[in-house]
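> File work.txt follows (compact mmCIF, C-alpha atoms):
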```txt
# COMPACT_ATOMS: atom_id res chain seq x y z
CA MET A 1 40.88 5.84 -13.57
CA PRO A 2 37.18 6.75 -14.18
CA SER A 3 35.15 7.90 -11.19
CA PRO A 4 32.38 5.60 -9.88
CA ALA A 5 29.22 6.19 -11.91
CA THR A 6 25.53 5.45 -11.61
CA LEU A 7 23.58 3.46 -14.15
CA ALA A 8 21.92 6.71 -15.25
CA GLN A 9 25.30 8.38 -15.81
CA LYS A 10 26.56 5.42 -17.85
CA LEU A 11 23.48 5.37 -20.07
CA ILE A 12 23.66 9.11 -20.70
CA ALA A 13 27.41 9.03 -21.32
CA ARG A 14 26.96 6.39 -24.01
CA ALA A 15 24.21 8.41 -25.69
CA ALA A 16 26.31 11.59 -25.50
CA GLY A 17 29.44 9.91 -26.89
CA ARG A 18 31.33 10.69 -23.70
CA ALA A 19 33.51 8.60 -21.44
CA GLN A 20 31.84 10.10 -18.38
CA VAL A 21 29.20 12.63 -17.41
CA THR A 22 28.65 14.44 -14.11
CA PRO A 23 25.34 15.35 -12.45
CA GLY A 24 24.44 18.92 -13.34
CA GLU A 25 26.14 18.89 -16.75
CA ILE A 26 24.06 19.66 -19.82
CA VAL A 27 24.74 17.23 -22.68
CA THR A 28 23.26 16.40 -26.07
CA CYS A 29 22.29 12.76 -26.54
CA ARG A 30 21.60 10.61 -29.59
CA VAL A 31 18.16 8.99 -29.37
CA ASP A 32 17.88 5.25 -30.01
CA LEU A 33 14.07 5.14 -29.94
CA ALA A 34 11.26 7.70 -30.10
CA MET A 35 7.81 6.41 -29.15
CA PHE A 36 4.50 8.27 -29.36
CA HIS A 37 0.83 7.43 -29.52
CA ASP A 38 -2.31 8.65 -31.25
CA SER A 39 -2.91 11.34 -28.65
CA SER A 40 0.62 12.74 -28.39
CA GLY A 41 2.00 12.03 -31.87
CA PRO A 42 0.78 12.50 -35.45
CA ARG A 43 -1.96 15.06 -34.82
CA ARG A 44 0.65 17.34 -33.24
CA LEU A 45 3.74 16.41 -35.29
CA GLN A 46 2.29 16.18 -38.81
CA PRO A 47 1.35 19.86 -39.25
CA ARG A 48 4.63 21.10 -37.76
CA LEU A 49 6.74 18.81 -39.93
CA ALA A 50 4.81 20.00 -42.99
CA GLU A 51 5.29 23.63 -41.96
CA LEU A 52 9.04 23.11 -41.59
CA GLY A 53 9.36 20.96 -44.69
CA ALA A 54 11.22 18.48 -42.47
CA GLN A 55 11.56 14.70 -42.58
CA ILE A 56 11.82 12.00 -39.91
CA TRP A 57 15.50 11.45 -39.12
CA ASP A 58 15.25 7.63 -38.97
CA ARG A 59 11.92 5.83 -39.45
CA ASP A 60 13.29 2.60 -38.03
CA LYS A 61 13.82 4.33 -34.67
CA VAL A 62 10.24 5.61 -34.45
CA VAL A 63 7.40 3.59 -32.92
CA LEU A 64 3.74 4.64 -33.13
CA VAL A 65 1.15 2.99 -30.89
CA ILE A 66 -2.55 3.69 -31.38
CA ASP A 67 -3.92 3.08 -27.90
CA HIS A 68 -5.60 6.16 -26.41
CA TYR A 69 -8.64 6.83 -28.60
CA VAL A 70 -9.42 3.23 -29.56
CA PRO A 71 -11.87 1.74 -29.90
CA GLU A 72 -13.22 5.01 -31.32
CA ALA A 73 -16.21 6.09 -29.23
CA ASP A 74 -17.16 9.32 -31.01
CA GLU A 75 -16.45 11.53 -34.00
CA GLU A 76 -13.51 13.28 -32.35
CA SER A 77 -11.87 9.93 -31.55
CA ARG A 78 -12.37 8.77 -35.13
CA ARG A 79 -10.79 12.00 -36.40
CA ILE A 80 -7.70 11.66 -34.18
CA VAL A 81 -7.18 7.99 -34.97
CA LYS A 82 -7.60 8.62 -38.72
CA ILE A 83 -4.88 11.28 -38.58
CA ALA A 84 -2.54 8.76 -36.94
CA ARG A 85 -3.31 5.97 -39.39
CA ASP A 86 -3.09 8.19 -42.46
CA TRP A 87 0.19 9.74 -41.36
CA ALA A 88 1.72 6.34 -40.52
CA ALA A 89 0.82 5.12 -44.04
CA GLU A 90 2.08 8.31 -45.68
CA GLN A 91 5.41 8.07 -43.83
CA ALA A 92 5.65 4.29 -44.35
CA LEU A 93 6.46 3.83 -40.67
CA PRO A 94 7.71 0.26 -40.13
CA HIS A 95 6.72 0.02 -36.44
CA VAL A 96 3.03 0.76 -35.94
CA TYR A 97 0.92 -1.05 -33.33
CA ASP A 98 -2.74 -0.27 -33.91
CA SER A 99 -5.25 -1.30 -31.23
CA MET A 100 -2.84 -3.90 -29.83
CA GLY A 101 -2.64 -2.53 -26.31
CA ILE A 102 -1.00 0.21 -24.28
CA CYS A 103 2.24 1.69 -25.60
CA HIS A 104 4.32 1.17 -22.44
CA VAL A 105 3.57 -2.57 -22.54
CA VAL A 106 3.37 -3.18 -26.31
CA VAL A 107 6.70 -1.53 -27.15
CA PRO A 108 8.89 -3.74 -24.90
CA GLN A 109 6.81 -6.82 -25.74
CA HIS A 110 7.94 -6.38 -29.35
CA GLY A 111 11.62 -6.19 -28.40
CA HIS A 112 12.11 -2.47 -29.02
CA ILE A 113 13.68 -1.62 -25.64
CA ARG A 114 16.96 -3.15 -24.52
CA PRO A 115 19.60 -2.43 -21.88
CA GLY A 116 21.89 0.46 -22.74
CA MET A 117 19.44 2.34 -24.95
CA PHE A 118 18.51 6.01 -24.67
CA CYS A 119 14.80 6.49 -25.45
CA VAL A 120 12.11 9.15 -25.33
CA GLY A 121 8.35 8.82 -25.31
CA GLY A 122 5.46 11.18 -25.88
CA ASP A 123 3.76 10.17 -22.65
CA SER A 124 4.48 10.80 -18.97
CA HIS A 125 4.70 7.07 -18.15
CA SER A 126 7.48 6.49 -20.67
CA PRO A 127 9.94 5.80 -17.78
CA THR A 128 8.46 2.27 -17.87
CA GLY A 129 11.31 1.46 -20.29
CA GLY A 130 13.78 1.95 -17.46
CA ALA A 131 12.75 -1.44 -16.07
CA PHE A 132 14.93 -2.92 -18.84
CA GLY A 133 18.06 -0.94 -18.02
CA ALA A 134 17.36 1.72 -20.67
CA TYR A 135 17.23 5.45 -20.04
CA MET A 136 13.69 6.43 -21.06
CA PHE A 137 11.65 9.49 -20.20
CA GLY A 138 8.61 11.42 -21.31
CA ILE A 139 8.76 14.61 -23.38
CA GLY A 140 6.24 17.07 -24.80
CA ALA A 141 5.22 17.60 -28.41
CA THR A 142 7.68 20.43 -29.09
CA GLU A 143 10.63 18.40 -27.79
CA MET A 144 9.40 15.38 -29.75
CA LEU A 145 9.37 17.47 -32.93
CA GLY A 146 13.05 18.25 -32.38
CA VAL A 147 13.85 14.58 -31.78
CA VAL A 148 11.92 13.39 -34.82
CA VAL A 149 13.82 15.84 -37.06
CA THR A 150 17.32 15.65 -35.55
CA GLY A 151 17.49 12.36 -33.64
CA GLU A 152 18.94 14.25 -30.66
CA ILE A 153 17.86 15.89 -27.42
CA TRP A 154 19.64 17.72 -24.63
CA LEU A 155 19.23 17.06 -20.94
CA GLN A 156 20.84 17.96 -17.66
CA VAL A 157 22.52 14.91 -16.15
CA PRO A 158 20.42 14.00 -13.11
CA GLN A 159 21.39 12.98 -9.65
CA THR A 160 20.42 9.39 -8.80
CA ILE A 161 18.14 8.55 -5.89
CA PHE A 162 18.58 4.91 -4.85
CA MET A 163 15.48 3.21 -3.43
CA ARG A 164 16.91 0.05 -1.84
CA TRP A 165 14.46 -2.64 -0.80
CA SER A 166 15.71 -5.44 1.43
CA GLY A 167 13.81 -8.61 2.32
CA ARG A 168 11.02 -10.28 0.35
CA LEU A 169 7.42 -9.23 -0.19
CA ALA A 170 4.67 -11.23 1.51
CA ASP A 171 2.09 -13.06 -0.59
CA GLY A 172 -0.55 -10.56 -1.66
CA VAL A 173 1.89 -7.61 -1.61
CA SER A 174 3.29 -6.29 -4.87
CA ALA A 175 5.38 -3.64 -6.62
CA LYS A 176 2.35 -1.31 -6.60
CA ASP A 177 2.41 -1.41 -2.81
CA MET A 178 6.13 -0.65 -2.84
CA MET A 179 5.55 2.40 -5.02
CA LEU A 180 2.64 3.67 -2.96
CA ALA A 181 4.80 3.32 0.18
CA MET A 182 7.53 5.39 -1.49
CA LEU A 183 5.00 8.02 -2.49
CA ALA A 184 3.71 8.14 1.08
CA ARG A 185 7.23 8.90 2.31
CA HIS A 186 8.53 11.19 -0.42
CA GLY A 187 5.45 12.72 -2.04
CA MET A 188 4.87 13.46 -5.70
CA ASN A 189 7.93 15.70 -5.93
CA GLY A 190 10.23 13.26 -4.17
CA GLY A 191 12.18 12.49 -7.34
CA ARG A 192 12.64 16.20 -8.19
CA TYR A 193 13.18 15.39 -11.88
CA GLN A 194 16.10 13.13 -10.98
CA ALA A 195 16.82 9.50 -11.86
CA VAL A 196 15.40 6.98 -9.41
CA GLU A 197 17.04 3.55 -9.30
CA PHE A 198 15.18 0.70 -7.62
CA CYS A 199 17.52 -1.92 -6.15
CA GLY A 200 18.01 -4.45 -3.39
CA GLU A 201 16.94 -8.01 -2.72
CA ALA A 202 13.20 -7.37 -2.97
CA VAL A 203 13.58 -5.66 -6.36
CA ALA A 204 15.89 -8.36 -7.73
CA ALA A 205 13.24 -10.96 -6.85
CA LEU A 206 10.53 -9.19 -8.89
CA PRO A 207 9.51 -10.45 -12.34
CA MET A 208 9.76 -8.01 -15.25
CA ALA A 209 6.11 -6.96 -15.11
CA GLU A 210 6.53 -5.86 -11.51
CA ARG A 211 9.75 -4.00 -12.30
CA MET A 212 7.82 -2.24 -15.06
CA THR A 213 5.30 -1.09 -12.46
CA LEU A 214 8.06 0.50 -10.37
CA ALA A 215 9.67 2.24 -13.35
CA ASN A 216 6.26 3.31 -14.66
CA MET A 217 5.24 5.05 -11.45
CA SER A 218 8.57 6.82 -11.01
CA ALA A 219 6.64 9.50 -12.90
CA GLU A 220 4.39 9.88 -9.86
CA LEU A 221 7.51 10.49 -7.75
CA GLY A 222 8.36 13.40 -10.04
CA ALA A 223 11.43 11.59 -11.44
CA GLN A 224 12.69 12.00 -14.99
CA THR A 225 13.27 8.27 -15.24
CA GLY A 226 13.05 5.12 -13.11
CA LEU A 227 15.68 2.41 -13.51
CA VAL A 228 16.26 -1.22 -12.60
CA ALA A 229 19.66 -2.70 -13.44
CA PRO A 230 19.23 -5.53 -15.98
CA ASP A 231 20.05 -9.11 -14.99
CA ASP A 232 19.19 -12.73 -15.89
CA THR A 233 15.48 -11.98 -15.41
CA THR A 234 15.76 -9.15 -17.93
CA ARG A 235 17.64 -11.30 -20.45
CA ALA A 236 15.13 -14.14 -20.22
CA TRP A 237 12.15 -11.77 -20.70
CA LEU A 238 13.75 -10.02 -23.67
CA ALA A 239 14.72 -13.32 -25.28
CA ALA A 240 11.06 -14.33 -25.18
CA ALA A 241 10.25 -10.98 -26.84
CA GLY A 242 12.68 -11.67 -29.66
CA ALA A 243 15.67 -9.72 -28.32
CA ALA A 244 18.26 -12.43 -27.79
CA ASP A 245 21.98 -12.10 -26.91
CA VAL A 246 21.45 -8.95 -24.83
CA ASP A 247 24.55 -7.75 -22.99
CA THR A 248 23.67 -6.52 -19.51
CA THR A 249 27.23 -6.50 -18.11
CA PRO A 250 28.02 -2.75 -18.34
CA TRP A 251 24.63 -1.51 -17.21
CA HIS A 252 24.74 -1.21 -13.43
CA SER A 253 25.67 1.40 -10.86
CA ASP A 254 29.15 1.14 -9.42
CA GLU A 255 29.28 0.27 -5.75
CA ASP A 256 30.52 3.72 -4.71
CA ALA A 257 28.45 5.65 -7.24
CA PRO A 258 27.24 9.06 -6.03
CA GLY A 259 23.61 9.55 -5.06
CA VAL A 260 21.00 9.82 -2.36
CA ARG A 261 20.05 6.54 -0.70
CA HIS A 262 16.81 5.48 0.97
CA ALA A 263 16.19 2.08 2.61
CA TYR A 264 13.00 0.02 2.88
CA ASP A 265 12.19 -3.42 4.27
CA GLY A 266 9.97 -5.32 1.86
CA SER A 267 9.28 -8.11 4.36
CA THR A 268 7.30 -5.75 6.63
CA LEU A 269 5.31 -4.03 3.89
CA ALA A 270 1.51 -4.24 4.08
CA PRO A 271 -0.82 -3.58 1.13
CA GLN A 272 -1.10 0.16 0.51
CA VAL A 273 -4.03 2.25 -0.75
CA ALA A 274 -3.98 5.79 -2.14
CA LEU A 275 -7.03 7.81 -1.14
CA PRO A 276 -8.65 10.50 -3.31
CA HIS A 277 -7.30 12.62 -4.92
CA SER A 278 -3.55 11.94 -4.98
CA PRO A 279 -1.28 8.91 -5.44
CA ALA A 280 0.69 10.21 -2.44
CA ASN A 281 -2.34 10.27 -0.11
CA VAL A 282 -1.51 6.77 1.11
CA ARG A 283 -2.40 4.55 4.05
CA ALA A 284 -1.92 0.88 4.79
CA VAL A 285 -5.06 -1.07 3.92
CA ASP A 286 -5.66 -2.12 7.51
CA ASP A 287 -5.55 1.54 8.65
CA LEU A 288 -8.57 2.47 6.51
CA GLU A 289 -12.09 2.91 7.76
CA PRO A 290 -14.52 0.44 6.08
CA THR A 291 -15.01 1.87 2.59
CA ARG A 292 -17.75 0.54 0.33
CA ILE A 293 -16.99 0.50 -3.42
CA ASP A 294 -19.11 0.62 -6.56
CA ILE A 295 -16.49 -0.17 -9.19
CA ALA A 296 -13.26 -2.20 -9.15
CA TYR A 297 -11.06 -1.43 -12.16
CA ILE A 298 -8.11 -3.57 -13.26
CA GLY A 299 -6.52 -1.78 -16.18
CA ALA A 300 -3.72 0.46 -17.51
CA CYS A 301 -0.02 0.00 -18.18
CA THR A 302 0.47 0.11 -14.41
CA GLY A 303 -1.95 -2.60 -13.37
CA ALA A 304 -3.22 -4.94 -16.08
CA LYS A 305 -0.19 -6.80 -17.38
CA LEU A 306 -0.26 -10.60 -17.40
CA ASP A 307 1.19 -10.87 -13.88
CA ASP A 308 -1.41 -8.37 -12.66
CA LEU A 309 -4.22 -10.45 -14.18
CA ARG A 310 -2.73 -13.56 -12.59
CA ALA A 311 -2.73 -11.84 -9.19
CA ALA A 312 -6.39 -10.87 -9.52
CA ALA A 313 -7.35 -14.38 -10.64
CA ARG A 314 -5.60 -15.92 -7.63
CA VAL A 315 -7.88 -13.89 -5.37
CA LEU A 316 -11.11 -14.38 -7.34
CA ALA A 317 -10.92 -17.95 -8.62
CA GLY A 318 -13.92 -19.90 -7.37
CA TYR A 319 -15.69 -16.86 -5.92
CA ARG A 320 -18.24 -14.28 -7.07
CA ILE A 321 -17.84 -10.54 -6.63
CA ALA A 322 -20.09 -8.77 -4.13
CA PRO A 323 -23.62 -7.78 -5.21
CA GLY A 324 -23.80 -4.25 -6.56
CA VAL A 325 -20.11 -4.11 -7.51
CA GLN A 326 -18.86 -3.78 -11.08
CA LEU A 327 -15.50 -5.43 -11.78
CA LEU A 328 -14.00 -4.07 -15.01
CA VAL A 329 -10.89 -5.67 -16.51
CA ALA A 330 -8.97 -4.15 -19.44
CA PRO A 331 -5.84 -6.25 -20.18
CA ALA A 332 -2.81 -4.09 -20.97
CA SER A 333 -2.17 -5.73 -24.35
CA LEU A 334 -3.66 -8.25 -26.75
CA LYS A 335 -0.62 -10.43 -26.08
CA ASP A 336 -1.31 -10.43 -22.35
CA ALA A 337 -5.03 -11.03 -22.95
CA ALA A 338 -4.26 -14.03 -25.17
CA ALA A 339 -1.88 -15.50 -22.60
CA ALA A 340 -4.45 -14.95 -19.86
CA GLU A 341 -7.03 -16.72 -22.01
CA ARG A 342 -4.71 -19.72 -22.54
CA GLU A 343 -3.94 -19.95 -18.82
CA GLY A 344 -7.61 -19.84 -17.84
CA ILE A 345 -7.16 -16.51 -16.05
CA LEU A 346 -9.84 -14.71 -18.02
CA ARG A 347 -12.27 -17.54 -17.34
CA HIS A 348 -11.66 -17.20 -13.59
CA LEU A 349 -12.23 -13.46 -13.81
CA THR A 350 -15.40 -13.61 -15.90
CA GLU A 351 -16.86 -16.44 -13.83
CA ALA A 352 -16.30 -14.24 -10.78
CA GLY A 353 -18.39 -11.56 -12.50
CA ALA A 354 -15.82 -9.42 -14.32
CA THR A 355 -16.65 -7.51 -17.50
CA LEU A 356 -13.80 -7.55 -20.02
CA LEU A 357 -12.94 -4.30 -21.78
CA PRO A 358 -10.66 -3.63 -24.79
CA SER A 359 -6.88 -3.58 -24.40
CA ALA A 360 -6.40 0.18 -24.49
CA CYS A 361 -5.82 3.14 -22.17
CA GLY A 362 -9.56 3.41 -21.62
CA ALA A 363 -10.84 4.67 -18.28
CA CYS A 364 -7.33 5.23 -16.90
CA ALA A 365 -7.02 8.28 -19.16
CA GLY A 366 -10.69 9.23 -18.93
CA TYR A 367 -11.75 7.78 -22.30
CA GLY A 368 -14.97 5.85 -22.67
CA ALA A 369 -17.79 5.81 -20.13
CA ALA A 370 -16.63 3.08 -17.76
CA ILE A 371 -16.53 5.27 -14.63
CA ARG A 372 -19.89 6.82 -13.82
CA GLU A 373 -20.48 10.05 -11.96
CA GLY A 374 -20.38 9.81 -8.17
CA ALA A 375 -18.96 6.26 -8.10
CA THR A 376 -16.50 5.06 -5.47
CA VAL A 377 -13.74 3.26 -7.37
CA ILE A 378 -10.76 1.11 -6.41
CA SER A 379 -8.35 1.02 -9.34
CA SER A 380 -5.01 -0.57 -10.28
CA THR A 381 -4.08 2.52 -12.33
CA ALA A 382 -1.33 5.03 -11.51
CA ARG A 383 -3.31 8.22 -10.86
CA ASN A 384 -6.44 9.25 -9.01
CA PHE A 385 -6.55 13.01 -9.55
CA LYS A 386 -10.04 14.48 -9.61
CA GLY A 387 -11.53 13.82 -13.05
CA ARG A 388 -8.59 11.66 -14.17
CA MET A 389 -10.83 8.67 -14.97
CA GLY A 390 -13.42 10.82 -16.71
CA SER A 391 -15.77 11.61 -13.83
CA ALA A 392 -15.12 14.74 -11.77
CA THR A 393 -17.35 13.43 -8.97
CA ALA A 394 -15.91 9.90 -8.71
CA GLN A 395 -13.91 9.04 -5.60
CA VAL A 396 -10.96 7.01 -6.88
CA PHE A 397 -8.73 4.91 -4.61
CA LEU A 398 -5.58 3.20 -5.90
CA GLY A 399 -4.35 -0.25 -4.98
CA SER A 400 -2.59 -3.29 -6.37
CA PRO A 401 -4.43 -5.83 -8.53
CA TYR A 402 -4.54 -8.04 -5.42
CA THR A 403 -6.25 -5.27 -3.47
CA VAL A 404 -8.65 -4.38 -6.28
CA ALA A 405 -9.73 -8.02 -6.68
CA ALA A 406 -10.16 -8.51 -2.93
CA SER A 407 -12.22 -5.32 -2.75
CA ALA A 408 -14.49 -6.50 -5.57
CA LEU A 409 -15.03 -9.71 -3.67
CA GLN A 410 -15.83 -8.05 -0.35
CA GLY A 411 -17.69 -5.00 -1.67
CA ARG A 412 -15.35 -2.75 0.31
CA ILE A 413 -11.65 -1.96 0.21
CA ALA A 414 -10.08 -5.16 1.47
CA ASP A 415 -6.79 -6.95 2.19
CA ALA A 416 -6.06 -9.79 -0.25
CA ARG A 417 -3.83 -11.51 2.31
CA GLU A 418 -6.93 -12.51 4.27
CA ILE A 419 -8.28 -14.37 1.21
CA LEU A 420 -4.97 -15.85 0.02
CA SER A 421 -4.19 -17.25 3.45
```
Would you give me this structure, written as C-alpha cells?

Amino acid sequence: MPSPATLAQKLIARAAGRAQVTPGEIVTCRVDLAMFHDSSGPRRLQPRLAELGAQIWDRDKVVLVIDHYVPEADEESRRIVKIARDWAAEQALPHVYDSMGICHVVVPQHGHIRPGMFCVGGDSHSPTGGAFGAYMFGIGATEMLGVVVTGEIWLQVPQTIFMRWSGRLADGVSAKDMMLAMLARHGMNGGRYQAVEFCGEAVAALPMAERMTLANMSAELGAQTGLVAPDDTTRAWLAAAGAADVDTTPWHSDEDAPGVRHAYDGSTLAPQVALPHSPANVRAVDDLEPTRIDIAYIGACTGAKLDDLRAAARVLAGYRIAPGVQLLVAPASLKDAAAAEREGILRHLTEAGATLLPSACGACAGYGAAIREGATVISSTARNFKGRMGSATAQVFLGSPYTVAASALQGRIADAREILS
C-alpha cells in the first residue's frame, strides 16, 4: 500500500518514472516543457549550444516568449530581441510568442501547461504554472542549457508547506492580499525552497487568474514552486485555452500527506500593502499613515491579468483619478487586453485618466522610463526592491489592483472597500 503523498510528490514521481518519492531524495526528472524569454534564453543559450555542438532535445517542448525588451527602447534592447528572433527562426521553434504579453500569462493562455506536467522556466516567477496543478519552477541559464540538451533535470524532493485558507474573501480583497499576508507572517524565506500548496475554501473559490497570482508569488516566499490542486475551475479555464479533456483526478494531495500546515481565515482579511523596500514589509491598509502617491501602476504577470483589470475598473468606473497622479496600465497579454476592450474595461480605465502601456514586462522589471526618479508608487507587481522598477530613488508600495485603483482615485494609498461599498 503506497504511503500518503503530496501533490508535489506525485508530480515529481511521475516525472522521475517512480511509483513514489520521499522528501529529501534526489531524483532525475523528465521535463515536459521548458520556457524562456528574450532576457533569459537565446542570448545565453545560443553561444553555449554552438560551443558544445549540441541540439535542442525536443523543439515541441520548448516555448520562447519575447516579452522583456519589447517594445525595443534602445540599441541594446534591439540587439537582444534580434538575437532571440534570429535564433528562433534558425532553430525553427514551433512555439514562439513575440510581443504578445508576459510569458507567465501567455504560455498557459495557449494551452501549454496542464495538470500533471513537470515544467521549468528561465524566470523566477515560473511557479505561476503551479496554479494549474503542474510542477513548475525557475532555473538559471546553466541549468536551462542542460535541460535544452538532455530534456532532464535533477532536484531534491521538497517538503510541502500547506497554506490553508478557510472562509471567503470580502469584496475588494484579493489573492494579492492573501499573499502579502503570508509574506508578513513567514517572510521572504518562509518557503525555504520547498513546495507551497495553497488550499482550503477560500482558495477553491478563486478564479484561475487569482490562483495564478498565488502560485506566481510563491517565489517571494522563497519556495521552489507554488501549487493549487486542479478542479472544475481549472478544467473549464484550460478548455477555453484549447486544452480539453484534461484529467485532474490524480493530481491532489492525499488527506494524510506529510507536510507543514498553516491556517488562515480569508473572511477576516483586510487589504494588505507592502512598504518599501520588501514584499514582506507588510501592513494592513488601514494601519498605514496617510501616504500620498505620484504613480499608480497596474501591470506585470502578478497584477494585470483580465480579472485584475476588471477589479480596477470596478473601482474607477465613472470617476476620475486624483489631480497630479499618473495611472499606468499595462495589460499582461494581448489576449487580456482584447477581452478588456470588448468588455468596456479599458474604456472605464482610460476615461478615469489611465494611460495604457504595451503588454510586456515593462516597468515591473525596470525596462522603459515609466517610473521617474523620486516618485512614490503604488504597484500591483510582485516586488518592490530598491531599483526594481528602474528608479533607485522611487518609493514603491505593493497592493492589489483594487488597492492601486483606489489609491489613484484618492491620491493616497486607499482602501477599495470604502469605494465599492
> Any chance you could tabulate, as JSON lines, the residues of region 203-234 of chain A at most 7 Å from region 176-183 of chain A with each one's nearest atom pair and distance in Å to one decimal, using all atoms listed in the file, in chain and rising number order?

```
{"residue": "A:Thr213", "atom": "CA", "partner": "A:Lys176", "partner_atom": "CA", "distance": 6.6}
{"residue": "A:Leu214", "atom": "CA", "partner": "A:Met179", "partner_atom": "CA", "distance": 6.2}
{"residue": "A:Met217", "atom": "CA", "partner": "A:Met179", "partner_atom": "CA", "distance": 7.0}
{"residue": "A:Leu221", "atom": "CA", "partner": "A:Leu183", "partner_atom": "CA", "distance": 6.3}
```
> At most 12 Å is the cut-off: for each residue in region 356-395 of chain A with any atom that close to an atom of region 105-109 of chain A, write down the nearest atom pair and the distance in Å rounded to one decimal, counting only C-alpha atoms, chain first then increasing number, as a tab-separated table.

```
residue	atom	partner	partner_atom	distance
A:Ser359	CA	A:Val106	CA	10.4
A:Ala360	CA	A:Val106	CA	10.5
A:Cys361	CA	A:Val105	CA	11.0
```
> Sort by chain and increasing residue number a table of all residues of region 156-190 of chain A within 6 Å of region 252-273 of chain A, each with its closest pair of atoms and their distance in Å to one decimal, counting all atoms listed in the file, and write it as CSV.

```
residue,atom,partner,partner_atom,distance
A:Thr160,CA,A:Gly259,CA,4.9
A:Ile161,CA,A:Val260,CA,4.7
A:Phe162,CA,A:Arg261,CA,4.7
A:Met163,CA,A:His262,CA,5.1
A:Arg164,CA,A:Ala263,CA,4.9
A:Trp165,CA,A:Tyr264,CA,4.8
A:Ser166,CA,A:Asp265,CA,5.0
A:Gly167,CA,A:Ser267,CA,5.0
A:Arg168,CA,A:Ser267,CA,4.9
A:Leu169,CA,A:Ser267,CA,5.0
A:Val173,CA,A:Pro271,CA,5.6
A:Asp177,CA,A:Gln272,CA,5.1
```
> Looking at only C-alpha atoms, which of A:Pro127, A:Gly200, A:Pro158, A:Pro207 is the one that sits closest to Pro23 (chain A)?
A:Pro158
> Quick one: pull the distance between CA of Phe397 (chain A) and CA of Arg192 (chain A), Å, one decimal.
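So the two atoms, CA of Phe397 (chain A) and CA of Arg192 (chain A), lie 24.4 Å apart.
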> Which residues are close to Gly101 (chain A), i.e. within 12 Å by all atoms listed in the file, leaving aside same-chain residues fewer than 6 positions away? Reply as an mmCIF file with C-alpha atoms, in the frame of the given file.

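The result, stored in part.cif:
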```
data_model
loop_
_atom_site.group_PDB
_atom_site.id
_atom_site.type_symbol
_atom_site.label_atom_id
_atom_site.label_comp_id
_atom_site.auth_asym_id
_atom_site.auth_seq_id
_atom_site.Cartn_x
_atom_site.Cartn_y
_atom_site.Cartn_z
ATOM 1 C CA HIS A 37 0.830 7.430 -29.520
ATOM 2 C CA LEU A 64 3.740 4.640 -33.130
ATOM 3 C CA VAL A 65 1.150 2.990 -30.890
ATOM 4 C CA ILE A 66 -2.550 3.690 -31.380
ATOM 5 C CA ASP A 67 -3.920 3.080 -27.900
ATOM 6 C CA HIS A 68 -5.600 6.160 -26.410
ATOM 7 C CA TYR A 69 -8.640 6.830 -28.600
ATOM 8 C CA VAL A 70 -9.420 3.230 -29.560
ATOM 9 C CA PRO A 71 -11.870 1.740 -29.900
ATOM 10 C CA VAL A 107 6.700 -1.530 -27.150
ATOM 11 C CA PRO A 108 8.890 -3.740 -24.900
ATOM 12 C CA GLN A 109 6.810 -6.820 -25.740
ATOM 13 C CA HIS A 110 7.940 -6.380 -29.350
ATOM 14 C CA GLY A 299 -6.520 -1.780 -16.180
ATOM 15 C CA ALA A 300 -3.720 0.460 -17.510
ATOM 16 C CA CYS A 301 -0.020 0.000 -18.180
ATOM 17 C CA ALA A 304 -3.220 -4.940 -16.080
ATOM 18 C CA LYS A 305 -0.190 -6.800 -17.380
ATOM 19 C CA ALA A 330 -8.970 -4.150 -19.440
ATOM 20 C CA PRO A 331 -5.840 -6.250 -20.180
ATOM 21 C CA ALA A 332 -2.810 -4.090 -20.970
ATOM 22 C CA SER A 333 -2.170 -5.730 -24.350
ATOM 23 C CA LEU A 334 -3.660 -8.250 -26.750
ATOM 24 C CA LYS A 335 -0.620 -10.430 -26.080
ATOM 25 C CA ASP A 336 -1.310 -10.430 -22.350
ATOM 26 C CA ALA A 337 -5.030 -11.030 -22.950
ATOM 27 C CA ALA A 338 -4.260 -14.030 -25.170
ATOM 28 C CA LEU A 357 -12.940 -4.300 -21.780
ATOM 29 C CA PRO A 358 -10.660 -3.630 -24.790
ATOM 30 C CA SER A 359 -6.880 -3.580 -24.400
ATOM 31 C CA ALA A 360 -6.400 0.180 -24.490
ATOM 32 C CA CYS A 361 -5.820 3.140 -22.170
ATOM 33 C CA GLY A 362 -9.560 3.410 -21.620
#
```
> Got a sec to check which residues sit within 9 Å of (-20.5, 2.8, -9.0), counting only C-alpha atoms, and write them as an mmCIF file with C-alpha atoms, in the frame of the given file?

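See result28.cif below for the written result:
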```cif
data_model
loop_
_atom_site.group_PDB
_atom_site.id
_atom_site.type_symbol
_atom_site.label_atom_id
_atom_site.label_comp_id
_atom_site.auth_asym_id
_atom_site.auth_seq_id
_atom_site.Cartn_x
_atom_site.Cartn_y
_atom_site.Cartn_z
ATOM 1 C CA ILE A 293 -16.990 0.500 -3.420
ATOM 2 C CA ASP A 294 -19.110 0.620 -6.560
ATOM 3 C CA ILE A 295 -16.490 -0.170 -9.190
ATOM 4 C CA ALA A 296 -13.260 -2.200 -9.150
ATOM 5 C CA GLY A 324 -23.800 -4.250 -6.560
ATOM 6 C CA VAL A 325 -20.110 -4.110 -7.510
ATOM 7 C CA GLN A 326 -18.860 -3.780 -11.080
ATOM 8 C CA ILE A 371 -16.530 5.270 -14.630
ATOM 9 C CA ARG A 372 -19.890 6.820 -13.820
ATOM 10 C CA GLU A 373 -20.480 10.050 -11.960
ATOM 11 C CA GLY A 374 -20.380 9.810 -8.170
ATOM 12 C CA ALA A 375 -18.960 6.260 -8.100
ATOM 13 C CA THR A 376 -16.500 5.060 -5.470
ATOM 14 C CA VAL A 377 -13.740 3.260 -7.370
ATOM 15 C CA ALA A 394 -15.910 9.900 -8.710
#
```
> In Å, with one decimal, what is the gap from CA of Ala73 (chain A) to CA of Thr355 (chain A)?
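CA of Thr355 (chain A) lies at a distance of 18.0 Å from CA of Ala73 (chain A).
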